[in-house]
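Structure data (mmCIF, C-alpha atoms) from run15.cif:
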data_structure
#
loop_
_atom_site.group_PDB
_atom_site.id
_atom_site.type_symbol
_atom_site.label_atom_id
_atom_site.label_comp_id
_atom_site.auth_asym_id
_atom_site.auth_seq_id
_atom_site.Cartn_x
_atom_site.Cartn_y
_atom_site.Cartn_z
ATOM 1 C CA MET A 1 0.000 0.000 0.000
ATOM 2 C CA ARG A 2 2.862 2.398 0.811
ATOM 3 C CA TYR A 3 4.370 1.586 -2.567
ATOM 4 C CA ILE A 4 1.233 2.759 -4.417
ATOM 5 C CA GLY A 5 1.130 6.043 -2.442
ATOM 6 C CA LEU A 6 4.790 6.708 -3.206
ATOM 7 C CA ARG A 7 4.201 5.973 -6.869
ATOM 8 C CA VAL A 8 1.266 8.430 -7.014
ATOM 9 C CA ARG A 9 3.411 11.163 -5.449
ATOM 10 C CA MET A 10 6.229 10.484 -7.950
ATOM 11 C CA ASN A 11 3.741 10.805 -10.823
ATOM 12 C CA ASP A 12 2.492 14.113 -9.371
ATOM 13 C CA ILE A 13 6.054 15.423 -9.135
ATOM 14 C CA ARG A 14 6.791 14.332 -12.705
ATOM 15 C CA ALA A 15 3.638 16.038 -13.936
ATOM 16 C CA VAL A 16 4.631 19.291 -12.225
ATOM 17 C CA LEU A 17 8.177 19.137 -13.637
ATOM 18 C CA ILE A 18 6.967 18.404 -17.168
ATOM 19 C CA SER A 19 4.385 21.194 -17.005
ATOM 20 C CA THR A 20 7.018 23.630 -15.773
ATOM 21 C CA ALA A 21 9.461 22.603 -18.523
ATOM 22 C CA LEU A 22 6.785 23.073 -21.186
ATOM 23 C CA LEU A 23 5.816 26.466 -19.821
ATOM 24 C CA VAL A 24 9.434 27.643 -19.755
ATOM 25 C CA SER A 25 10.101 26.423 -23.308
ATOM 26 C CA VAL A 26 6.942 28.040 -24.719
ATOM 27 C CA THR A 27 7.598 31.444 -23.134
ATOM 28 C CA GLY A 28 10.571 31.874 -25.485
ATOM 29 C CA CYS A 29 8.332 31.585 -28.552
ATOM 30 C CA GLY A 30 6.612 34.414 -30.352
ATOM 31 C CA SER A 31 7.223 38.102 -30.938
ATOM 32 C CA HIS A 32 8.999 40.251 -28.406
ATOM 33 C CA GLY A 33 7.705 43.518 -29.821
ATOM 34 C CA GLU A 34 10.783 44.036 -32.027
ATOM 35 C CA GLY A 35 10.256 43.791 -35.764
ATOM 36 C CA THR A 36 7.499 41.771 -37.343
ATOM 37 C CA ALA A 37 6.963 38.115 -38.078
ATOM 38 C CA SER A 38 8.423 38.656 -41.566
ATOM 39 C CA SER A 39 11.541 40.552 -40.462
ATOM 40 C CA PRO A 40 14.126 39.208 -38.058
ATOM 41 C CA PRO A 41 15.301 41.441 -35.222
ATOM 42 C CA ILE A 42 18.080 43.913 -35.970
ATOM 43 C CA ALA A 43 21.503 42.329 -35.588
ATOM 44 C CA ALA A 44 23.900 43.645 -32.984
ATOM 45 C CA LYS A 45 26.646 44.065 -35.600
ATOM 46 C CA PRO A 46 25.893 46.075 -38.749
ATOM 47 C CA ASP A 47 26.841 44.810 -42.202
ATOM 48 C CA VAL A 48 27.997 48.233 -43.378
ATOM 49 C CA ILE A 49 29.028 51.466 -41.671
ATOM 50 C CA VAL A 50 28.352 54.861 -43.254
ATOM 51 C CA THR A 51 30.482 57.675 -41.853
ATOM 52 C CA PHE A 52 29.419 61.260 -42.534
ATOM 53 C CA ASP A 53 32.529 63.441 -42.678
ATOM 54 C CA GLY A 54 31.505 67.013 -41.984
ATOM 55 C CA GLU A 55 35.058 68.295 -42.345
ATOM 56 C CA HIS A 56 35.468 66.950 -45.901
ATOM 57 C CA HIS A 57 31.767 67.192 -46.865
ATOM 58 C CA GLY A 58 31.511 63.569 -47.939
ATOM 59 C CA CYS A 59 30.836 60.043 -46.805
ATOM 60 C CA SER A 60 32.874 56.933 -46.193
ATOM 61 C CA VAL A 61 31.317 53.487 -46.582
ATOM 62 C CA ALA A 62 32.883 50.318 -45.180
ATOM 63 C CA LEU A 63 31.869 46.779 -44.467
ATOM 64 C CA SER A 64 31.980 46.161 -40.734
ATOM 65 C CA SER A 65 34.898 43.768 -41.314
ATOM 66 C CA GLU A 66 36.998 46.486 -43.018
ATOM 67 C CA ALA A 67 39.264 48.878 -41.136
ATOM 68 C CA HIS A 68 38.936 51.641 -43.739
ATOM 69 C CA GLY A 69 36.092 52.532 -46.042
ATOM 70 C CA SER A 70 35.754 54.040 -49.479
ATOM 71 C CA ALA A 71 35.354 57.804 -49.647
ATOM 72 C CA ILE A 72 32.394 58.666 -51.868
ATOM 73 C CA SER A 73 29.862 61.446 -52.245
ATOM 74 C CA CYS A 74 26.948 61.051 -49.863
ATOM 75 C CA GLY A 75 24.516 60.931 -52.774
ATOM 76 C CA ASP A 76 26.218 57.747 -54.016
ATOM 77 C CA VAL A 77 25.890 55.744 -50.784
ATOM 78 C CA VAL A 78 22.921 53.603 -51.866
ATOM 79 C CA PRO A 79 24.296 52.683 -55.319
ATOM 80 C CA PHE A 80 27.681 51.924 -53.740
ATOM 81 C CA VAL A 81 26.170 49.675 -51.048
ATOM 82 C CA ARG A 82 23.937 47.916 -53.568
ATOM 83 C CA ASP A 83 26.231 47.658 -56.623
ATOM 84 C CA GLU A 84 29.793 47.688 -55.285
ATOM 85 C CA LEU A 85 29.394 46.012 -51.901
ATOM 86 C CA ARG A 86 26.495 43.895 -53.229
ATOM 87 C CA LEU A 87 24.610 43.956 -49.949
ATOM 88 C CA PRO A 88 21.088 42.547 -50.271
ATOM 89 C CA ARG A 89 17.906 44.266 -49.149
ATOM 90 C CA GLY A 90 17.508 43.818 -45.415
ATOM 91 C CA ALA A 91 21.211 44.300 -44.662
ATOM 92 C CA ILE A 92 21.956 46.348 -41.539
ATOM 93 C CA TYR A 93 23.693 49.728 -41.669
ATOM 94 C CA ASP A 94 25.030 51.949 -38.930
ATOM 95 C CA VAL A 95 25.900 55.635 -39.032
ATOM 96 C CA ARG A 96 28.953 57.389 -37.624
ATOM 97 C CA THR A 97 29.758 61.082 -37.798
ATOM 98 C CA ILE A 98 32.781 63.350 -37.870
ATOM 99 C CA PRO A 99 31.775 66.790 -36.478
ATOM 100 C CA ASP A 100 30.009 69.540 -38.388
ATOM 101 C CA VAL A 101 27.830 67.105 -40.337
ATOM 102 C CA ASP A 102 24.974 68.439 -42.438
ATOM 103 C CA GLN A 103 21.916 66.992 -40.669
ATOM 104 C CA GLY A 104 19.817 67.343 -43.828
ATOM 105 C CA GLU A 105 22.317 65.234 -45.792
ATOM 106 C CA MET A 106 22.266 62.592 -43.054
ATOM 107 C CA ALA A 107 18.474 62.507 -43.160
ATOM 108 C CA ARG A 108 18.428 62.192 -46.978
ATOM 109 C CA VAL A 109 20.955 59.345 -47.021
ATOM 110 C CA GLY A 110 19.168 57.542 -44.173
ATOM 111 C CA ALA A 111 15.835 57.830 -45.976
ATOM 112 C CA ALA A 112 17.402 56.590 -49.235
ATOM 113 C CA LEU A 113 18.934 53.584 -47.465
ATOM 114 C CA ASN A 114 15.603 52.785 -45.813
ATOM 115 C CA ASP A 115 13.743 53.166 -49.116
ATOM 116 C CA ALA A 116 16.239 50.777 -50.737
ATOM 117 C CA GLY A 117 15.356 48.158 -48.112
ATOM 118 C CA TYR A 118 18.319 48.522 -45.754
ATOM 119 C CA ARG A 119 17.715 48.632 -42.012
ATOM 120 C CA LYS A 120 19.337 50.947 -39.486
ATOM 121 C CA ALA A 121 21.040 49.359 -36.505
ATOM 122 C CA ARG A 122 19.624 50.353 -33.144
#
Represent the structure contained in this file as structure tokens.
Amino acid sequence: MRYIGLRVRMNDIRAVLISTALLVSVTGCGSHGEGTASSPPIAAKPDVIVTFDGEHHGCSVALSSEAHGSAISCGDVVPFVRDELRLPRGAIYDVRTIPDVDQGEMARVGAALNDAGYRKAR
């Protein structure tokens, strides 16, 4: 008789442990409020870095793996990223600045990158 009571308690403990494990594993599923179901969350490391150089009135574009970028006009950033670096839509970009940057130019380039399907790192 004691054996049956012990067995019932063991089954109860197993049921609690299994329920807890399922609950913990399911809480990791689903959206966390970042992005949508069709777009993955923004990566921590950008694919490309665009540096606005206020002193020289231009831009520098580099893959995140490169130490130095290519100096280009800011109006050519999107074609350079798309055609020269061959980054696909959805690639992540980050922005750096060297003082005295034209904020309007930064806004135009950012909008052009977004319109071309690139995503800004957060």
Apply the PyMOL selection byres ((chain A and resi 46) around 10) to the file shown and report the selected residues as an MDAnalysis selection string. chainID A and resid 42:45 47:49 63:65 91:95 119:122
Can you list what the PyMOL selection byres ((chain A and resi 103-114) around 8) grabs from this structure, as a PDB file with C-alpha atoms, in the coordinates of the input?
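Wrote out-v5.pdb, looks like this:
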ATOM      1  CA  PHE A  52      29.419  61.260 -42.534  1.00  0.00           C
ATOM      2  CA  CYS A  74      26.948  61.051 -49.863  1.00  0.00           C
ATOM      3  CA  GLY A  75      24.516  60.931 -52.774  1.00  0.00           C
ATOM      4  CA  VAL A  77      25.890  55.744 -50.784  1.00  0.00           C
ATOM      5  CA  VAL A  78      22.921  53.603 -51.866  1.00  0.00           C
ATOM      6  CA  VAL A 101      27.830  67.105 -40.337  1.00  0.00           C
ATOM      7  CA  ASP A 102      24.974  68.439 -42.438  1.00  0.00           C
ATOM      8  CA  ASP A 115      13.743  53.166 -49.116  1.00  0.00           C
ATOM      9  CA  ALA A 116      16.239  50.777 -50.737  1.00  0.00           C
ATOM     10  CA  GLY A 117      15.356  48.158 -48.112  1.00  0.00           C
ATOM     11  CA  TYR A 118      18.319  48.522 -45.754  1.00  0.00           C
ATOM     12  CA  ARG A 119      17.715  48.632 -42.012  1.00  0.00           C
ATOM     13  CA  LYS A 120      19.337  50.947 -39.486  1.00  0.00           C
TER      14      LYS A 120
END
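Atom to atom, CA of Arg86 in chain A and CA of Gly54 in chain A stand 26.2 Å apart.
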Given the PyMOL selection byres ((chain A and resi 99) around 8), the residues it picks as a ChimeraX atom specification: /A:53-55,97-98,100-101
CA of Gly69 in chain A to CA of Arg82 in chain A measures 15.0 Å
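Across the structure, CA of Pro88 in chain A and CA of Val50 in chain A are spaced 15.9 Å apart.
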Please, can range 69-89 of chain A be completed to N, CA and C atoms and returned as an mmCIF file, keeping the file's coordinate frame?
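Contents of out.cif, as written:
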data_model
loop_
_atom_site.group_PDB
_atom_site.id
_atom_site.type_symbol
_atom_site.label_atom_id
_atom_site.label_comp_id
_atom_site.auth_asym_id
_atom_site.auth_seq_id
_atom_site.Cartn_x
_atom_site.Cartn_y
_atom_site.Cartn_z
ATOM 1 N N GLY A 69 37.135 52.560 -45.029
ATOM 2 C CA GLY A 69 36.092 52.532 -46.042
ATOM 3 C C GLY A 69 36.494 53.264 -47.303
ATOM 4 N N SER A 70 35.571 53.316 -48.223
ATOM 5 C CA SER A 70 35.754 54.040 -49.479
ATOM 6 C C SER A 70 35.120 55.409 -49.350
ATOM 7 N N ALA A 71 35.872 56.438 -49.688
ATOM 8 C CA ALA A 71 35.354 57.804 -49.647
ATOM 9 C C ALA A 71 34.544 58.053 -50.914
ATOM 10 N N ILE A 72 33.285 58.403 -50.739
ATOM 11 C CA ILE A 72 32.394 58.666 -51.868
ATOM 12 C C ILE A 72 31.517 59.865 -51.526
ATOM 13 N N SER A 73 30.812 60.370 -52.536
ATOM 14 C CA SER A 73 29.862 61.446 -52.245
ATOM 15 C C SER A 73 28.671 60.828 -51.515
ATOM 16 N N CYS A 74 28.065 61.577 -50.654
ATOM 17 C CA CYS A 74 26.948 61.051 -49.863
ATOM 18 C C CYS A 74 25.761 60.648 -50.732
ATOM 19 N N GLY A 75 25.602 61.278 -51.867
ATOM 20 C CA GLY A 75 24.516 60.931 -52.774
ATOM 21 C C GLY A 75 24.700 59.571 -53.435
ATOM 22 N N ASP A 76 25.919 59.041 -53.391
ATOM 23 C CA ASP A 76 26.218 57.747 -54.016
ATOM 24 C C ASP A 76 26.239 56.582 -53.030
ATOM 25 N N VAL A 77 25.813 56.801 -51.796
ATOM 26 C CA VAL A 77 25.890 55.744 -50.784
ATOM 27 C C VAL A 77 25.049 54.529 -51.178
ATOM 28 N N VAL A 78 23.796 54.738 -51.546
ATOM 29 C CA VAL A 78 22.921 53.603 -51.866
ATOM 30 C C VAL A 78 23.433 52.824 -53.072
ATOM 31 N N PRO A 79 23.760 53.470 -54.204
ATOM 32 C CA PRO A 79 24.296 52.683 -55.319
ATOM 33 C C PRO A 79 25.588 51.951 -54.961
ATOM 34 N N PHE A 80 26.432 52.569 -54.142
ATOM 35 C CA PHE A 80 27.681 51.924 -53.740
ATOM 36 C C PHE A 80 27.403 50.683 -52.894
ATOM 37 N N VAL A 81 26.509 50.817 -51.918
ATOM 38 C CA VAL A 81 26.170 49.675 -51.048
ATOM 39 C C VAL A 81 25.535 48.555 -51.871
ATOM 40 N N ARG A 82 24.660 48.902 -52.770
ATOM 41 C CA ARG A 82 23.937 47.916 -53.568
ATOM 42 C C ARG A 82 24.822 47.296 -54.657
ATOM 43 N N ASP A 83 25.530 48.137 -55.433
ATOM 44 C CA ASP A 83 26.231 47.658 -56.623
ATOM 45 C C ASP A 83 27.683 47.253 -56.375
ATOM 46 N N GLU A 84 28.387 47.997 -55.537
ATOM 47 C CA GLU A 84 29.793 47.688 -55.285
ATOM 48 C C GLU A 84 29.966 46.678 -54.149
ATOM 49 N N LEU A 85 29.289 46.937 -53.039
ATOM 50 C CA LEU A 85 29.394 46.012 -51.901
ATOM 51 C C LEU A 85 28.459 44.814 -52.051
ATOM 52 N N ARG A 86 27.463 44.953 -52.929
ATOM 53 C CA ARG A 86 26.495 43.895 -53.229
ATOM 54 C C ARG A 86 25.757 43.387 -51.983
ATOM 55 N N LEU A 87 25.384 44.332 -51.135
ATOM 56 C CA LEU A 87 24.610 43.956 -49.949
ATOM 57 C C LEU A 87 23.138 43.837 -50.331
ATOM 58 N N PRO A 88 22.497 42.753 -49.917
ATOM 59 C CA PRO A 88 21.088 42.547 -50.271
ATOM 60 C C PRO A 88 20.162 43.432 -49.440
ATOM 61 N N ARG A 89 18.937 43.573 -49.930
ATOM 62 C CA ARG A 89 17.906 44.266 -49.149
ATOM 63 C C ARG A 89 17.813 43.584 -47.787
#
